[in-house]
>>> print(open('protein04.cif').read())   # mmCIF, C-alpha atoms
data_target
loop_
_atom_site.group_PDB
_atom_site.id
_atom_site.type_symbol
_atom_site.label_atom_id
_atom_site.label_comp_id
_atom_site.auth_asym_id
_atom_site.auth_seq_id
_atom_site.Cartn_x
_atom_site.Cartn_y
_atom_site.Cartn_z
ATOM 1 C CA MET A 1 0.000 0.000 0.000
ATOM 2 C CA TYR A 2 1.418 3.383 -0.979
ATOM 3 C CA ARG A 3 0.682 6.746 0.547
ATOM 4 C CA LYS A 4 -0.771 9.396 -1.720
ATOM 5 C CA LEU A 5 1.764 10.889 -4.159
ATOM 6 C CA ARG A 6 3.352 14.066 -2.847
ATOM 7 C CA LEU A 7 5.903 16.613 -4.037
ATOM 8 C CA CYS A 8 9.451 15.789 -2.898
ATOM 9 C CA SER A 9 11.413 18.180 -0.691
ATOM 10 C CA ASN A 10 12.824 20.225 -3.598
ATOM 11 C CA SER A 11 9.444 20.334 -5.351
ATOM 12 C CA GLY A 12 11.032 18.947 -8.495
ATOM 13 C CA ALA A 13 9.322 15.554 -8.555
ATOM 14 C CA TYR A 14 6.520 13.472 -7.057
ATOM 15 C CA GLU A 15 7.303 10.643 -4.695
ATOM 16 C CA ALA A 16 5.365 7.630 -3.459
ATOM 17 C CA ILE A 17 6.339 5.944 -0.211
ATOM 18 C CA PRO A 18 5.075 2.505 0.833
ATOM 19 C CA ASP A 19 3.203 2.296 4.107
ATOM 20 C CA PRO A 20 4.026 -0.008 5.810
ATOM 21 C CA PRO A 21 7.639 -0.233 4.508
ATOM 22 C CA ARG A 22 7.877 -2.601 1.566
ATOM 23 C CA PRO A 23 11.357 -3.641 0.376
ATOM 24 C CA LEU A 24 11.459 -4.637 -3.268
ATOM 25 C CA ASP A 25 13.336 -7.356 -5.122
ATOM 26 C CA LEU A 26 14.901 -5.031 -7.666
ATOM 27 C CA VAL A 27 16.413 -7.810 -9.754
ATOM 28 C CA ARG A 28 13.007 -9.321 -10.399
ATOM 29 C CA VAL A 29 11.380 -5.933 -10.918
ATOM 30 C CA ARG A 30 14.065 -5.100 -13.487
ATOM 31 C CA HIS A 31 13.571 -8.361 -15.366
ATOM 32 C CA ALA A 32 9.810 -7.893 -15.446
ATOM 33 C CA LEU A 33 10.147 -4.350 -16.758
ATOM 34 C CA GLU A 34 12.671 -5.364 -19.400
ATOM 35 C CA GLN A 35 10.412 -8.184 -20.583
ATOM 36 C CA GLU A 36 7.808 -5.532 -21.299
ATOM 37 C CA GLY A 37 10.375 -3.634 -23.355
ATOM 38 C CA ILE A 38 10.875 -0.881 -20.780
ATOM 39 C CA ALA A 39 14.433 0.476 -20.532
ATOM 40 C CA VAL A 40 15.979 0.183 -17.066
ATOM 41 C CA VAL A 41 19.276 1.428 -15.624
ATOM 42 C CA ASP A 42 20.268 -0.895 -12.779
ATOM 43 C CA ALA A 43 22.353 0.875 -10.144
ATOM 44 C CA ARG A 44 22.036 -2.076 -7.723
ATOM 45 C CA VAL A 45 20.374 -0.110 -4.913
ATOM 46 C CA MET A 46 17.921 1.537 -7.258
ATOM 47 C CA LEU A 47 16.472 1.212 -10.725
ATOM 48 C CA ILE A 48 15.943 4.117 -13.075
ATOM 49 C CA VAL A 49 13.045 3.296 -15.325
ATOM 50 C CA GLY A 50 12.576 4.848 -18.753
ATOM 51 C CA LEU A 51 8.886 5.642 -18.547
ATOM 52 C CA ASP A 52 7.375 9.042 -19.223
ATOM 53 C CA PRO A 53 8.287 10.488 -16.812
ATOM 54 C CA GLU A 54 11.487 8.740 -15.742
ATOM 55 C CA VAL A 55 11.005 6.910 -12.428
ATOM 56 C CA THR A 56 13.538 5.964 -9.759
ATOM 57 C CA ILE A 57 12.634 2.816 -7.808
ATOM 58 C CA SER A 58 14.579 2.411 -4.572
ATOM 59 C CA ARG A 59 15.152 -0.871 -2.812
ATOM 60 C CA ASN A 60 13.065 0.336 0.129
ATOM 61 C CA GLY A 61 10.096 0.741 -2.194
ATOM 62 C CA ARG A 62 10.242 4.516 -2.584
ATOM 63 C CA LEU A 63 9.281 5.733 -6.052
ATOM 64 C CA LEU A 64 10.329 9.074 -7.499
ATOM 65 C CA PHE A 65 8.549 10.401 -10.585
ATOM 66 C CA LYS A 66 10.580 13.108 -12.335
ATOM 67 C CA THR A 67 7.742 15.411 -13.233
ATOM 68 C CA ARG A 68 5.990 18.328 -11.617
ATOM 69 C CA ASP A 69 2.664 17.303 -13.112
ATOM 70 C CA PRO A 70 0.635 15.178 -10.654
ATOM 71 C CA ALA A 71 -1.521 13.589 -13.371
ATOM 72 C CA THR A 72 1.557 12.422 -15.298
ATOM 73 C CA ALA A 73 3.036 11.004 -12.094
ATOM 74 C CA GLU A 74 -0.236 9.195 -11.288
ATOM 75 C CA ARG A 75 -0.312 7.593 -14.740
ATOM 76 C CA ALA A 76 3.241 6.279 -14.357
ATOM 77 C CA PHE A 77 2.418 5.088 -10.830
ATOM 78 C CA ASP A 78 -0.580 3.119 -12.128
ATOM 79 C CA ARG A 79 1.550 1.574 -14.859
ATOM 80 C CA LEU A 80 4.159 0.399 -12.340
ATOM 81 C CA GLN A 81 1.696 -1.169 -9.916
ATOM 82 C CA LYS A 82 1.624 -4.623 -11.504
ATOM 83 C CA PHE A 83 5.421 -4.881 -11.432
ATOM 84 C CA LEU A 84 5.746 -3.791 -7.837
ATOM 85 C CA ALA A 85 2.898 -5.865 -6.436
ATOM 86 C CA ALA A 86 4.534 -9.102 -7.558
ATOM 87 C CA PHE A 87 8.017 -8.448 -6.237
ATOM 88 C CA SER A 88 7.858 -6.947 -2.769
ATOM 89 C CA GLY A 89 9.660 -8.621 0.098
ATOM 90 C CA GLY A 90 13.387 -7.964 -0.311
ATOM 91 C CA ASP A 91 16.086 -8.615 -2.866
ATOM 92 C CA SER A 92 17.190 -11.861 -4.406
ATOM 93 C CA GLY A 93 20.769 -11.588 -3.250
ATOM 94 C CA GLN A 94 22.322 -9.567 -6.047
ATOM 95 C CA MET B 1 35.118 26.162 -11.579
ATOM 96 C CA LEU B 2 32.821 23.268 -10.718
ATOM 97 C CA MET B 3 29.227 24.451 -11.118
ATOM 98 C CA SER B 4 26.350 22.427 -9.671
ATOM 99 C CA GLY B 5 23.308 24.619 -10.187
ATOM 100 C CA GLY B 6 23.022 25.131 -6.425
ATOM 101 C CA ILE B 7 23.269 28.321 -4.396
ATOM 102 C CA ASP B 8 26.980 28.229 -3.588
ATOM 103 C CA SER B 9 28.867 27.743 -6.838
ATOM 104 C CA PRO B 10 27.615 30.876 -8.653
ATOM 105 C CA VAL B 11 28.488 32.933 -5.572
ATOM 106 C CA ALA B 12 32.007 31.510 -5.541
ATOM 107 C CA LEU B 13 32.308 32.143 -9.262
ATOM 108 C CA ASP B 14 31.110 35.713 -8.827
ATOM 109 C CA LEU B 15 33.771 36.350 -6.185
ATOM 110 C CA LEU B 16 36.529 35.036 -8.462
ATOM 111 C CA LEU B 17 35.275 36.988 -11.474
ATOM 112 C CA ARG B 18 35.129 40.101 -9.314
ATOM 113 C CA GLN B 19 38.832 39.619 -8.602
ATOM 114 C CA GLY B 20 39.505 39.588 -12.316
ATOM 115 C CA HIS B 21 40.158 35.902 -12.907
ATOM 116 C CA GLU B 22 39.380 34.429 -16.295
ATOM 117 C CA MET B 23 37.210 31.405 -15.556
ATOM 118 C CA VAL B 24 36.106 28.159 -17.201
ATOM 119 C CA ALA B 25 33.000 26.358 -15.897
ATOM 120 C CA VAL B 26 32.543 22.595 -15.565
ATOM 121 C CA HIS B 27 29.215 20.914 -14.866
ATOM 122 C CA MET B 28 29.078 17.215 -14.019
ATOM 123 C CA ASP B 29 25.906 15.933 -15.641
ATOM 124 C CA ASN B 30 24.324 13.618 -13.098
ATOM 125 C CA ARG B 31 21.368 12.494 -15.173
ATOM 126 C CA PRO B 32 19.624 10.054 -14.752
ATOM 127 C CA PHE B 33 20.178 10.599 -11.012
ATOM 128 C CA THR B 34 18.745 14.104 -11.385
ATOM 129 C CA ASP B 35 16.534 15.770 -13.965
ATOM 130 C CA ASP B 36 17.391 18.559 -16.421
ATOM 131 C CA SER B 37 17.085 21.282 -13.801
ATOM 132 C CA PRO B 38 20.715 21.426 -12.538
ATOM 133 C CA LEU B 39 22.034 21.976 -16.066
ATOM 134 C CA GLU B 40 19.347 24.549 -16.827
ATOM 135 C CA LYS B 41 20.257 26.412 -13.646
ATOM 136 C CA VAL B 42 23.974 26.411 -14.493
ATOM 137 C CA VAL B 43 23.225 27.730 -17.973
ATOM 138 C CA ASP B 44 21.149 30.536 -16.464
ATOM 139 C CA HIS B 45 23.747 31.327 -13.786
ATOM 140 C CA LEU B 46 26.410 31.638 -16.433
ATOM 141 C CA ALA B 47 24.255 33.782 -18.709
ATOM 142 C CA LEU B 48 23.834 36.225 -15.854
ATOM 143 C CA LEU B 49 27.508 36.277 -14.853
ATOM 144 C CA ARG B 50 28.778 36.422 -18.425
ATOM 145 C CA GLU B 51 26.764 39.546 -18.989
ATOM 146 C CA ARG B 52 27.843 41.153 -15.729
ATOM 147 C CA TYR B 53 31.565 40.524 -16.198
ATOM 148 C CA HIS B 54 31.721 40.591 -20.013
ATOM 149 C CA GLN B 55 33.476 37.225 -20.069
ATOM 150 C CA SER B 56 32.667 34.296 -22.338
ATOM 151 C CA ILE B 57 33.129 31.645 -19.537
ATOM 152 C CA PRO B 58 33.030 28.393 -21.542
ATOM 153 C CA LEU B 59 30.897 25.649 -19.963
ATOM 154 C CA TYR B 60 32.088 22.052 -20.191
ATOM 155 C CA LEU B 61 29.306 19.509 -19.696
ATOM 156 C CA ILE B 62 30.761 16.188 -18.560
ATOM 157 C CA PRO B 63 28.598 13.048 -18.355
ATOM 158 C CA HIS B 64 28.704 11.651 -14.823
ATOM 159 C CA GLY B 65 25.625 9.401 -14.587
ATOM 160 C CA SER B 66 27.342 6.286 -15.911
ATOM 161 C CA THR B 67 30.203 6.854 -13.447
ATOM 162 C CA GLN B 68 27.662 6.959 -10.632
ATOM 163 C CA VAL B 69 26.144 3.678 -11.816
ATOM 164 C CA THR B 70 29.586 2.036 -11.849
ATOM 165 C CA LEU B 71 30.358 3.326 -8.362
ATOM 166 C CA MET B 72 26.985 2.245 -6.986
ATOM 167 C CA ARG B 73 27.310 -1.235 -8.438
ATOM 168 C CA ASN B 74 30.883 -1.864 -7.336
ATOM 169 C CA THR B 75 31.817 0.130 -4.252
ATOM 170 C CA ASP B 76 30.773 0.739 -0.657
ATOM 171 C CA ARG B 77 27.753 3.021 -0.728
ATOM 172 C CA HIS B 78 28.708 4.817 2.480
ATOM 173 C CA VAL B 79 31.737 6.448 0.867
ATOM 174 C CA GLY B 80 29.956 7.115 -2.412
ATOM 175 C CA CYS B 81 29.997 10.894 -2.057
ATOM 176 C CA VAL B 82 33.787 10.991 -1.652
ATOM 177 C CA LEU B 83 34.347 8.638 -4.584
ATOM 178 C CA CYS B 84 31.970 10.708 -6.704
ATOM 179 C CA ARG B 85 33.811 13.916 -5.776
ATOM 180 C CA ARG B 86 37.162 12.372 -6.715
ATOM 181 C CA PHE B 87 35.858 11.779 -10.229
ATOM 182 C CA MET B 88 34.531 15.317 -10.376
ATOM 183 C CA TRP B 89 37.892 16.743 -9.353
ATOM 184 C CA ARG B 90 39.791 14.577 -11.806
ATOM 185 C CA SER B 91 37.448 15.565 -14.619
ATOM 186 C CA ALA B 92 37.868 19.236 -13.735
ATOM 187 C CA GLU B 93 41.634 18.829 -13.680
ATOM 188 C CA ARG B 94 41.600 17.260 -17.145
ATOM 189 C CA ILE B 95 39.631 20.249 -18.429
ATOM 190 C CA ALA B 96 41.961 22.616 -16.599
ATOM 191 C CA GLU B 97 44.926 21.053 -18.385
ATOM 192 C CA ARG B 98 43.177 21.464 -21.716
ATOM 193 C CA GLU B 99 42.370 25.101 -20.940
ATOM 194 C CA HIS B 100 45.791 25.867 -19.375
ATOM 195 C CA ALA B 101 44.068 26.815 -16.119
ATOM 196 C CA THR B 102 46.247 27.268 -13.055
ATOM 197 C CA PHE B 103 43.787 26.340 -10.306
ATOM 198 C CA LEU B 104 40.507 24.527 -9.628
ATOM 199 C CA ALA B 105 37.638 26.138 -7.727
ATOM 200 C CA THR B 106 34.362 25.180 -6.041
ATOM 201 C CA GLY B 107 31.644 26.684 -3.903
ATOM 202 C CA GLU B 108 32.327 24.291 -1.038
ATOM 203 C CA ALA B 109 31.854 25.575 2.491
ATOM 204 C CA LEU B 110 32.865 23.539 5.499
ATOM 205 C CA GLY B 111 30.263 21.236 6.970
ATOM 206 C CA GLN B 112 27.313 22.034 4.727
ATOM 207 C CA VAL B 113 26.732 18.540 3.345
ATOM 208 C CA ALA B 114 28.163 15.055 3.873
ATOM 209 C CA SER B 115 30.968 15.458 1.372
ATOM 210 C CA GLN B 116 32.100 18.740 2.900
ATOM 211 C CA THR B 117 33.725 17.637 6.152
ATOM 212 C CA LEU B 118 37.461 18.266 6.414
ATOM 213 C CA SER B 119 38.415 14.596 6.071
ATOM 214 C CA ASN B 120 36.095 14.060 3.113
ATOM 215 C CA MET B 121 37.323 17.186 1.343
ATOM 216 C CA ARG B 122 40.934 16.172 1.898
ATOM 217 C CA ASN B 123 40.346 12.628 0.632
ATOM 218 C CA ALA B 124 38.397 13.855 -2.382
ATOM 219 C CA THR B 125 41.014 16.361 -3.432
ATOM 220 C CA ALA B 126 43.889 13.913 -2.903
ATOM 221 C CA SER B 127 42.959 12.730 -6.414
ATOM 222 C CA VAL B 128 44.269 15.903 -8.092
ATOM 223 C CA HIS B 129 47.397 18.051 -8.155
ATOM 224 C CA LEU B 130 46.341 21.572 -9.079
ATOM 225 C CA PRO B 131 45.733 24.044 -6.248
ATOM 226 C CA ILE B 132 42.094 24.318 -5.177
ATOM 227 C CA VAL B 133 40.430 27.627 -4.418
ATOM 228 C CA ARG B 134 37.328 27.667 -2.205
ATOM 229 C CA PRO B 135 36.201 31.273 -1.857
ATOM 230 C CA LEU B 136 33.290 30.303 0.436
ATOM 231 C CA ILE B 137 35.094 27.963 2.797
ATOM 232 C CA GLY B 138 34.398 30.010 5.944
ATOM 233 C CA PHE B 139 30.996 31.363 4.941
ATOM 234 C CA ASP B 140 27.835 30.162 6.626
ATOM 235 C CA LYS B 141 24.663 29.471 4.687
ATOM 236 C CA GLN B 142 23.046 32.813 5.519
ATOM 237 C CA GLU B 143 26.070 34.734 4.281
ATOM 238 C CA ILE B 144 26.154 32.785 1.028
ATOM 239 C CA GLU B 145 22.437 33.278 0.482
ATOM 240 C CA ALA B 146 22.755 37.007 1.105
ATOM 241 C CA VAL B 147 25.398 37.315 -1.623
ATOM 242 C CA ALA B 148 23.371 35.063 -3.950
ATOM 243 C CA LYS B 149 20.358 37.349 -3.535
ATOM 244 C CA SER B 150 22.437 40.467 -4.101
ATOM 245 C CA ILE B 151 23.910 39.155 -7.375
ATOM 246 C CA GLY B 152 20.623 37.706 -8.655
ATOM 247 C CA THR B 153 21.512 34.011 -8.709
ATOM 248 C CA TYR B 154 19.449 32.921 -5.685
ATOM 249 C CA GLY B 155 16.140 32.775 -7.561
ATOM 250 C CA ILE B 156 17.681 30.562 -10.241
ATOM 251 C CA SER B 157 19.308 28.214 -7.715
ATOM 252 C CA THR B 158 16.121 27.697 -5.713
ATOM 253 C CA ARG B 159 13.872 26.784 -8.615
ATOM 254 C CA PRO B 160 12.311 23.308 -8.203
ATOM 255 C CA GLY B 161 14.541 20.391 -9.128
ATOM 256 C CA VAL B 162 15.343 16.770 -8.374
ATOM 257 C CA CYS B 163 18.064 16.249 -5.757
ATOM 258 C CA CYS B 164 20.898 13.836 -6.545
ATOM 259 C CA GLN B 165 19.409 10.372 -6.109
ATOM 260 C CA ALA B 166 22.843 8.780 -5.859
ATOM 261 C CA VAL B 167 23.473 10.192 -2.374
ATOM 262 C CA PRO B 168 23.394 7.249 0.071
ATOM 263 C CA ASP B 169 20.993 7.182 3.009
ATOM 264 C CA LYS B 170 23.883 7.345 5.469
ATOM 265 C CA PRO B 171 26.916 8.949 3.799
ATOM 266 C CA ALA B 172 30.209 8.676 5.671
ATOM 267 C CA THR B 173 31.258 11.995 7.174
ATOM 268 C CA ARG B 174 34.679 10.784 8.350
ATOM 269 C CA THR B 175 36.665 8.772 5.862
ATOM 270 C CA GLN B 176 40.245 7.574 5.640
ATOM 271 C CA LEU B 177 42.225 7.808 2.446
ATOM 272 C CA VAL B 178 43.293 4.160 2.628
ATOM 273 C CA GLN B 179 39.633 3.123 2.753
ATOM 274 C CA ILE B 180 38.791 5.359 -0.229
ATOM 275 C CA LEU B 181 41.693 4.047 -2.288
ATOM 276 C CA ARG B 182 40.693 0.463 -1.497
ATOM 277 C CA GLU B 183 37.187 1.109 -2.784
ATOM 278 C CA GLU B 184 38.446 2.951 -5.832
ATOM 279 C CA GLU B 185 40.573 -0.035 -6.827
ATOM 280 C CA LYS B 186 37.311 -1.859 -7.612
ATOM 281 C CA VAL B 187 36.694 0.311 -10.676
ATOM 282 C CA SER B 188 38.789 1.313 -13.699
ATOM 283 C CA VAL B 189 39.425 4.940 -12.868
ATOM 284 C CA GLU B 190 41.387 5.959 -15.965
ATOM 285 C CA GLU B 191 39.011 4.189 -18.352
ATOM 286 C CA ILE B 192 35.985 5.840 -16.804
ATOM 287 C CA LEU B 193 37.649 9.217 -16.856
ATOM 288 C CA ASP B 194 38.825 8.904 -20.456
ATOM 289 C CA GLU B 195 35.303 8.003 -21.550
ATOM 290 C CA CYS B 196 33.721 10.937 -19.691
ATOM 291 C CA ILE B 197 36.191 13.462 -21.057
ATOM 292 C CA ARG B 198 35.789 12.049 -24.554
ATOM 293 C CA LYS B 199 32.025 12.609 -24.310
ATOM 294 C CA ALA B 200 32.304 16.088 -22.796
ATOM 295 C CA VAL B 201 30.739 18.923 -24.762
ATOM 296 C CA VAL B 202 31.274 22.674 -24.571
ATOM 297 C CA LEU B 203 28.179 24.867 -24.329
#
>>> encode(input="protein04.cif", output="structure tokens")
Amino acid sequence: MYRKLRLCSNSGAYEAIPDPPRPLDLVRVRHALEQEGIAVVDARVMLIVGLDPEVTISRNGRLLFKTRDPATAERAFDRLQKFLAAFSGGDSGQ
Amino acid sequence: MLMSGGIDSPVALDLLLRQGHEMVAVHMDNRPFTDDSPLEKVVDHLALLRERYHQSIPLYLIPHGSTQVTLMRNTDRHVGCVLCRRFMWRSAERIAEREHATFLATGEALGQVASQTLSNMRNATASVHLPIVRPLIGFDKQEIEAVAKSIGTYGISTRPGVCCQAVPDKPATRTQLVQILREEEKVSVEEILDECIRKAVVL
């Protein structure tokens, strides 16, 4: 379950934070995204996902949508839901 | 002069230009760990200062995102800020050599962020040889902001933007050089640097 999207501290992006905390298996999330043809930069502790807008997915489940438009952020959030729901619960030992 | 788009670096640059130095700007492009806003801010800072001091001030844009990925994948996250700064300094020194510059400069002030403790600054700058000028080293935040407002750069610096996402949750504030060098051995420093400088563009 994620809290409502909110502007990050520098007001440059929207963020979504899981409540309760929800660590993600980033390796599996990355594979699932890539299978759908979505470009992903894997920085081990976070993924940077080539959606519109670009999204950073942290291992602790935090999502950062690089847009100042809430509707655009919501759309990307909805699109990511199916990937995140399947792979919460920690990493696979990368 | 390393320019970040933040409040401090244009103030430091202004002070050096005021003294009559001919300056070259370097911006480390941290995308995709930020958005476009830091670069846009640097471009606007320089437009303002170029006009005020009637200097061309070339801006070198150096890709740094892939370096961050390499560091994050291969090294201890806690010392990530120091390792990142070492690559910034080295890149700036390469540009300085190309431009026949005699010193490097930043807007660092002691203790403002994790990378700006004395030990971290010393370990970061141990990667380069040119003298480093820090015009703001003893300034506090209020003093820097006051100058930024007076020269017109504050409004640009404080526009919305995405903070660097590569900063670890708990960055080390006290590091030892031996520890930094050990971590750095895990990546190919010269290869990374060559690639970044090869891809640098002048704006």
>>> atom_distance(input="protein04.cif", atom1="CA of Ile62 in chain B", atom2="CA of Asp29 in chain B")
5.7 Å
>>> atom_distance(input="protein04.cif", atom1="CA of Met1 in chain A", atom2="CA of Gln81 in chain A")
10.1 Å
>>> closest_residue(input="protein04.cif", among="B:Lys149, B:Arg18, B:His27, B:Arg77", to="chain A", atoms="all atoms listed in the file")
B:Arg77
>>> interface_residues(input="protein04.cif", of="chain B", to="chain A", cutoff="6 Å", atoms="all atoms listed in the file", output="PyMOL selection string")
chain B and resi 69+72-73+160-162
>>> write_last_selection(input="protein04.cif", atoms="C-alpha atoms", output="mmCIF file, in the frame of the given file")
data_model
loop_
_atom_site.group_PDB
_atom_site.id
_atom_site.type_symbol
_atom_site.label_atom_id
_atom_site.label_comp_id
_atom_site.auth_asym_id
_atom_site.auth_seq_id
_atom_site.Cartn_x
_atom_site.Cartn_y
_atom_site.Cartn_z
ATOM 1 C CA VAL B 69 26.144 3.678 -11.816
ATOM 2 C CA MET B 72 26.985 2.245 -6.986
ATOM 3 C CA ARG B 73 27.310 -1.235 -8.438
ATOM 4 C CA PRO B 160 12.311 23.308 -8.203
ATOM 5 C CA GLY B 161 14.541 20.391 -9.128
ATOM 6 C CA VAL B 162 15.343 16.770 -8.374
#
>>> resolve_selection(input="protein04.cif", expression="the PyMOL selection byres ((chain A and resi 80) around 12)", output="VMD selection string")
chain A and resid 16 29 to 30 32 to 33 36 38 49 to 57 61 63 to 65 73 to 79 81 to 87
>>> write_last_selection(input="protein04.cif", atoms="C-alpha atoms", output="PDB file, keeping the file's coordinate frame")
ATOM      1  CA  ALA A  16       5.365   7.630  -3.459  1.00  0.00           C
ATOM      2  CA  VAL A  29      11.380  -5.933 -10.918  1.00  0.00           C
ATOM      3  CA  ARG A  30      14.065  -5.100 -13.487  1.00  0.00           C
ATOM      4  CA  ALA A  32       9.810  -7.893 -15.446  1.00  0.00           C
ATOM      5  CA  LEU A  33      10.147  -4.350 -16.758  1.00  0.00           C
ATOM      6  CA  GLU A  36       7.808  -5.532 -21.299  1.00  0.00           C
ATOM      7  CA  ILE A  38      10.875  -0.881 -20.780  1.00  0.00           C
ATOM      8  CA  VAL A  49      13.045   3.296 -15.325  1.00  0.00           C
ATOM      9  CA  GLY A  50      12.576   4.848 -18.753  1.00  0.00           C
ATOM     10  CA  LEU A  51       8.886   5.642 -18.547  1.00  0.00           C
ATOM     11  CA  ASP A  52       7.375   9.042 -19.223  1.00  0.00           C
ATOM     12  CA  PRO A  53       8.287  10.488 -16.812  1.00  0.00           C
ATOM     13  CA  GLU A  54      11.487   8.740 -15.742  1.00  0.00           C
ATOM     14  CA  VAL A  55      11.005   6.910 -12.428  1.00  0.00           C
ATOM     15  CA  THR A  56      13.538   5.964  -9.759  1.00  0.00           C
ATOM     16  CA  ILE A  57      12.634   2.816  -7.808  1.00  0.00           C
ATOM     17  CA  GLY A  61      10.096   0.741  -2.194  1.00  0.00           C
ATOM     18  CA  LEU A  63       9.281   5.733  -6.052  1.00  0.00           C
ATOM     19  CA  LEU A  64      10.329   9.074  -7.499  1.00  0.00           C
ATOM     20  CA  PHE A  65       8.549  10.401 -10.585  1.00  0.00           C
ATOM     21  CA  ALA A  73       3.036  11.004 -12.094  1.00  0.00           C
ATOM     22  CA  GLU A  74      -0.236   9.195 -11.288  1.00  0.00           C
ATOM     23  CA  ARG A  75      -0.312   7.593 -14.740  1.00  0.00           C
ATOM     24  CA  ALA A  76       3.241   6.279 -14.357  1.00  0.00           C
ATOM     25  CA  PHE A  77       2.418   5.088 -10.830  1.00  0.00           C
ATOM     26  CA  ASP A  78      -0.580   3.119 -12.128  1.00  0.00           C
ATOM     27  CA  ARG A  79       1.550   1.574 -14.859  1.00  0.00           C
ATOM     28  CA  GLN A  81       1.696  -1.169  -9.916  1.00  0.00           C
ATOM     29  CA  LYS A  82       1.624  -4.623 -11.504  1.00  0.00           C
ATOM     30  CA  PHE A  83       5.421  -4.881 -11.432  1.00  0.00           C
ATOM     31  CA  LEU A  84       5.746  -3.791  -7.837  1.00  0.00           C
ATOM     32  CA  ALA A  85       2.898  -5.865  -6.436  1.00  0.00           C
ATOM     33  CA  ALA A  86       4.534  -9.102  -7.558  1.00  0.00           C
ATOM     34  CA  PHE A  87       8.017  -8.448  -6.237  1.00  0.00           C
TER      35      PHE A  87
END
>>> resolve_selection(input="protein04.cif", expression="the PyMOL selection byres ((chain B and resi 139-142) around 12)", output="list of chain:residue names")
B:Ile7, B:Asp8, B:Val11, B:Ala12, B:Gly107, B:Glu108, B:Ala109, B:Leu110, B:Gly111, B:Gln112, B:Val113, B:Arg134, B:Pro135, B:Leu136, B:Ile137, B:Gly138, B:Glu143, B:Ile144, B:Glu145, B:Ala146, B:Val147, B:Ala148, B:Lys149, B:Tyr154
>>> residues_around(input="protein04.cif", residues="Ala124 in chain B", least_positions_apart="3", cutoff="10 Å", atoms="all atoms listed in the file", output="ChimeraX atom specification")
/B:81-90,115-116,118-121,127-128,175,177,180
>>> atom_distance(input="protein04.cif", atom1="CA of Ser56 in chain B", atom2="CA of Ala101 in chain B")
15.0 Å
>>> resolve_selection(input="protein04.cif", expression="the PyMOL selection byres ((chain A and resi 5) around 8)", output="VMD selection string")
chain A and resid 3 to 4 6 to 7 14 to 17 70 74
>>> closest_residue(input="protein04.cif", among="B:Cys196, B:Val79, B:Val201, B:Ile151", to="Pro171 in chain B", atoms="only C-alpha atoms")
B:Val79
>>> axis_aligned_box(input="protein04.cif", around="range 74-80 of chain B", padding_each_side="8 Å", output="lines of an AutoDock Vina configuration file")
center_x = 29.8
center_y = 2.6
center_z = -2.4
size_x = 20.1
size_y = 25.0
size_z = 25.8
>>> closest_residue(input="protein04.cif", among="B:Ile156, B:Ala172, B:Leu71, B:Ala166", to="Ile192 in chain B", atoms="all atoms listed in the file")
B:Leu71
>>> closest_residue(input="protein04.cif", among="B:Ser37, B:Asp44, B:Met23, B:Val187", to="Ile57 in chain B", atoms="only C-alpha atoms")
B:Met23
>>> closest_residue(input="protein04.cif", among="B:Glu99, B:Asp36, B:Asp14, B:Glu22", to="Val202 in chain B", atoms="all atoms listed in the file")
B:Glu99
>>> closest_residue(input="protein04.cif", among="B:His54, B:Leu49, B:Ile197, B:Ala126", to="Gly152 in chain B", atoms="only C-alpha atoms")
B:Leu49
>>> build_atoms(input="protein04.cif", residues="range 43-52 of chain A", atoms="N, CA and C atoms", output="mmCIF file, in the frame of the given file")
data_model
loop_
_atom_site.group_PDB
_atom_site.id
_atom_site.type_symbol
_atom_site.label_atom_id
_atom_site.label_comp_id
_atom_site.auth_asym_id
_atom_site.auth_seq_id
_atom_site.Cartn_x
_atom_site.Cartn_y
_atom_site.Cartn_z
ATOM 1 N N ALA A 43 21.255 0.369 -10.965
ATOM 2 C CA ALA A 43 22.353 0.875 -10.144
ATOM 3 C C ALA A 43 22.457 0.089 -8.831
ATOM 4 N N ARG A 44 21.984 -1.116 -8.837
ATOM 5 C CA ARG A 44 22.036 -2.076 -7.723
ATOM 6 C C ARG A 44 21.106 -1.698 -6.570
ATOM 7 N N VAL A 45 21.246 -0.495 -6.031
ATOM 8 C CA VAL A 45 20.374 -0.110 -4.913
ATOM 9 C C VAL A 45 19.141 0.636 -5.402
ATOM 10 N N MET A 46 19.104 0.888 -6.684
ATOM 11 C CA MET A 46 17.921 1.537 -7.258
ATOM 12 C C MET A 46 17.860 1.234 -8.753
ATOM 13 N N LEU A 47 16.660 1.336 -9.277
ATOM 14 C CA LEU A 47 16.472 1.212 -10.725
ATOM 15 C C LEU A 47 16.010 2.562 -11.243
ATOM 16 N N ILE A 48 16.459 2.915 -12.430
ATOM 17 C CA ILE A 48 15.943 4.117 -13.075
ATOM 18 C C ILE A 48 15.208 3.647 -14.321
ATOM 19 N N VAL A 49 13.930 3.910 -14.347
ATOM 20 C CA VAL A 49 13.045 3.296 -15.325
ATOM 21 C C VAL A 49 12.645 4.312 -16.384
ATOM 22 N N GLY A 50 12.832 3.934 -17.641
ATOM 23 C CA GLY A 50 12.576 4.848 -18.753
ATOM 24 C C GLY A 50 11.122 4.941 -19.144
ATOM 25 N N LEU A 51 10.282 5.339 -18.216
ATOM 26 C CA LEU A 51 8.886 5.642 -18.547
ATOM 27 C C LEU A 51 8.793 7.145 -18.824
ATOM 28 N N ASP A 52 7.604 7.595 -19.132
ATOM 29 C CA ASP A 52 7.375 9.042 -19.223
ATOM 30 C C ASP A 52 6.420 9.421 -18.107
#
